[in-house]
Amino acid sequence: MEYIEDLVSIVTPVYRCEKYIRFTIESVINQTYRNWELLLVDDCSDDSSADIIKEYLKTDDRICYICLNQNSGAAIARNTGIKKARGRYIAFLDADY
């Protein structure tokens, strides 16, 4: 895979974080650095996190939603995000407050 120069890939595992996911996404959107992608990796969350994320997918194409087939834990979610990342740089951001 060829990486995109100066792109920062932000990987966020998502599991039962409906209370904070909006704040997490907004904190990335409001950064002054604009060349990023946000990879939200849903670890089979059983709350409304996915619905909230899907609202943002409609308005910002830098946000990517990845849904795992089974609950596997934060490490697998992060590794999945890394595999899908296109940026030269990787950052981790948890979805809690």
# chains A, B, ... in the order shown; residues from 1 in each chain; ligands from 1
>>> select_by_dssp(residues="range 33-81 of chain A", states="alpha helix (DSSP H)", output="ChimeraX atom specification")
/A:49-57,74-81
>>> residues_around(residues="Val8 in chain A", least_positions_apart="3", cutoff="12 Å", atoms="only C-alpha atoms", output="list in words")
Tyr3, Ile4, Glu5, Val11, Val28, Gln31, Tyr33, Arg34, Asn35, Trp36, Glu37, Leu38, Leu39, Arg62, Ile82, Ala85, Arg86, Gly87, Arg88, Tyr89, Ile90, Ala91, Phe92 and Leu93 of chain A
>>> closest_residue(among="A:Ser9, A:Asn79, A:Ser27, A:Ser72", to="Cys44 in chain A", atoms="only C-alpha atoms")
A:Ser72
>>> closest_residue(among="A:Arg22, A:Arg78, A:Arg16, A:Lys58", to="Val41 in chain A", atoms="only C-alpha atoms")
A:Arg78
>>> residues_around(residues="Asp42 in chain A", least_positions_apart="4", cutoff="9 Å", atoms="only C-alpha atoms", output="list in words")
Thr12, Pro13, Val14, Tyr15, Ser49, Ala50, Tyr65, Ile66, Cys67, Leu68, Asn71 and Ala77 of chain A
>>> write_last_selection(atoms="N, CA and C atoms", output="compact mmCIF listing (two decimals), in the first residue's frame")
# COMPACT_ATOMS: atom_id res chain seq x y z
N THR A 12 -9.73 4.94 15.94
CA THR A 12 -10.53 4.97 17.15
C THR A 12 -11.36 3.71 17.28
N PRO A 13 -11.05 2.85 18.27
CA PRO A 13 -11.93 1.71 18.54
C PRO A 13 -13.24 2.22 19.14
N VAL A 14 -14.34 1.60 18.74
CA VAL A 14 -15.65 2.04 19.20
C VAL A 14 -16.36 0.86 19.85
N TYR A 15 -16.68 1.00 21.12
CA TYR A 15 -17.48 -0.01 21.82
C TYR A 15 -18.22 0.66 22.98
N SER A 49 -23.97 3.97 19.06
CA SER A 49 -22.74 4.56 18.52
C SER A 49 -22.74 4.56 16.99
N ALA A 50 -23.13 3.44 16.38
CA ALA A 50 -23.13 3.33 14.92
C ALA A 50 -24.05 4.36 14.28
N TYR A 65 -16.02 4.42 8.52
CA TYR A 65 -16.63 3.53 9.51
C TYR A 65 -16.32 2.08 9.13
N ILE A 66 -15.73 1.36 10.05
CA ILE A 66 -15.39 -0.05 9.85
C ILE A 66 -16.09 -0.84 10.94
N CYS A 67 -16.83 -1.86 10.57
CA CYS A 67 -17.57 -2.66 11.54
C CYS A 67 -16.99 -4.07 11.57
N LEU A 68 -16.53 -4.50 12.74
CA LEU A 68 -16.00 -5.84 12.90
C LEU A 68 -17.15 -6.86 12.96
N ASN A 71 -17.07 -9.18 18.39
CA ASN A 71 -16.38 -8.40 19.41
C ASN A 71 -15.03 -9.05 19.67
N ALA A 77 -9.35 -4.05 17.19
CA ALA A 77 -9.95 -2.89 16.52
C ALA A 77 -8.87 -1.92 16.05
>>> select_by_dssp(residues="chain A", states="strand (DSSP E or B)", output="MDAnalysis selection string")
chainID A and resid 4:14 36:42 63:67 87:92
>>> residues_around(residues="Ile52 in chain A", least_positions_apart="3", cutoff="8 Å", atoms="only C-alpha atoms", output="ChimeraX atom specification")
/A:18,21-22,48-49,55-56
>>> closest_residue(among="A:Asn69, A:Thr80, A:Ser45, A:Ile53", to="Thr24 in chain A", atoms="only C-alpha atoms")
A:Ile53
>>> decode(residues="range 57-70 of chain A", atoms="N, CA, C and O atoms", output="JSON list (two decimals), in the first residue's frame")
[["chain", "number", "residue", "atom", "x", "y", "z"],
["A", 57, "LEU", "N", -20.84, 10.47, 8.69],
["A", 57, "LEU", "CA", -20.41, 9.94, 7.39],
["A", 57, "LEU", "C", -21.06, 10.72, 6.25],
["A", 57, "LEU", "O", -20.47, 10.86, 5.17],
["A", 58, "LYS", "N", -22.24, 11.23, 6.48],
["A", 58, "LYS", "CA", -22.97, 11.98, 5.45],
["A", 58, "LYS", "C", -22.36, 13.35, 5.17],
["A", 58, "LYS", "O", -22.56, 13.90, 4.09],
["A", 59, "THR", "N", -21.61, 13.88, 6.13],
["A", 59, "THR", "CA", -21.14, 15.26, 6.00],
["A", 59, "THR", "C", -19.63, 15.42, 5.87],
["A", 59, "THR", "O", -19.16, 16.50, 5.56],
["A", 60, "ASP", "N", -18.86, 14.36, 6.15],
["A", 60, "ASP", "CA", -17.41, 14.49, 6.10],
["A", 60, "ASP", "C", -16.80, 13.21, 5.54],
["A", 60, "ASP", "O", -16.83, 12.17, 6.19],
["A", 61, "ASP", "N", -16.26, 13.30, 4.34],
["A", 61, "ASP", "CA", -15.72, 12.10, 3.68],
["A", 61, "ASP", "C", -14.35, 11.69, 4.21],
["A", 61, "ASP", "O", -13.78, 10.70, 3.77],
["A", 62, "ARG", "N", -13.83, 12.41, 5.19],
["A", 62, "ARG", "CA", -12.58, 12.00, 5.84],
["A", 62, "ARG", "C", -12.83, 10.98, 6.94],
["A", 62, "ARG", "O", -11.90, 10.41, 7.50],
["A", 63, "ILE", "N", -14.10, 10.74, 7.24],
["A", 63, "ILE", "CA", -14.47, 9.79, 8.28],
["A", 63, "ILE", "C", -14.80, 8.45, 7.64],
["A", 63, "ILE", "O", -15.56, 8.37, 6.68],
["A", 64, "CYS", "N", -14.21, 7.40, 8.19],
["A", 64, "CYS", "CA", -14.42, 6.04, 7.68],
["A", 64, "CYS", "C", -14.96, 5.17, 8.81],
["A", 64, "CYS", "O", -14.43, 5.18, 9.93],
["A", 65, "TYR", "N", -16.02, 4.42, 8.52],
["A", 65, "TYR", "CA", -16.63, 3.53, 9.51],
["A", 65, "TYR", "C", -16.32, 2.08, 9.13],
["A", 65, "TYR", "O", -16.61, 1.65, 8.00],
["A", 66, "ILE", "N", -15.73, 1.36, 10.05],
["A", 66, "ILE", "CA", -15.39, -0.05, 9.85],
["A", 66, "ILE", "C", -16.09, -0.84, 10.94],
["A", 66, "ILE", "O", -15.95, -0.51, 12.13],
["A", 67, "CYS", "N", -16.83, -1.86, 10.57],
["A", 67, "CYS", "CA", -17.57, -2.66, 11.54],
["A", 67, "CYS", "C", -16.99, -4.07, 11.57],
["A", 67, "CYS", "O", -16.97, -4.76, 10.55],
["A", 68, "LEU", "N", -16.53, -4.50, 12.74],
["A", 68, "LEU", "CA", -16.00, -5.84, 12.90],
["A", 68, "LEU", "C", -17.15, -6.86, 12.96],
["A", 68, "LEU", "O", -18.26, -6.52, 13.36],
["A", 69, "ASN", "N", -16.86, -8.09, 12.57],
["A", 69, "ASN", "CA", -17.88, -9.15, 12.56],
["A", 69, "ASN", "C", -18.16, -9.73, 13.94],
["A", 69, "ASN", "O", -19.23, -10.27, 14.17],
["A", 70, "GLN", "N", -17.19, -9.63, 14.83],
["A", 70, "GLN", "CA", -17.40, -10.11, 16.20],
["A", 70, "GLN", "C", -16.60, -9.25, 17.16],
["A", 70, "GLN", "O", -15.60, -8.66, 16.79]]
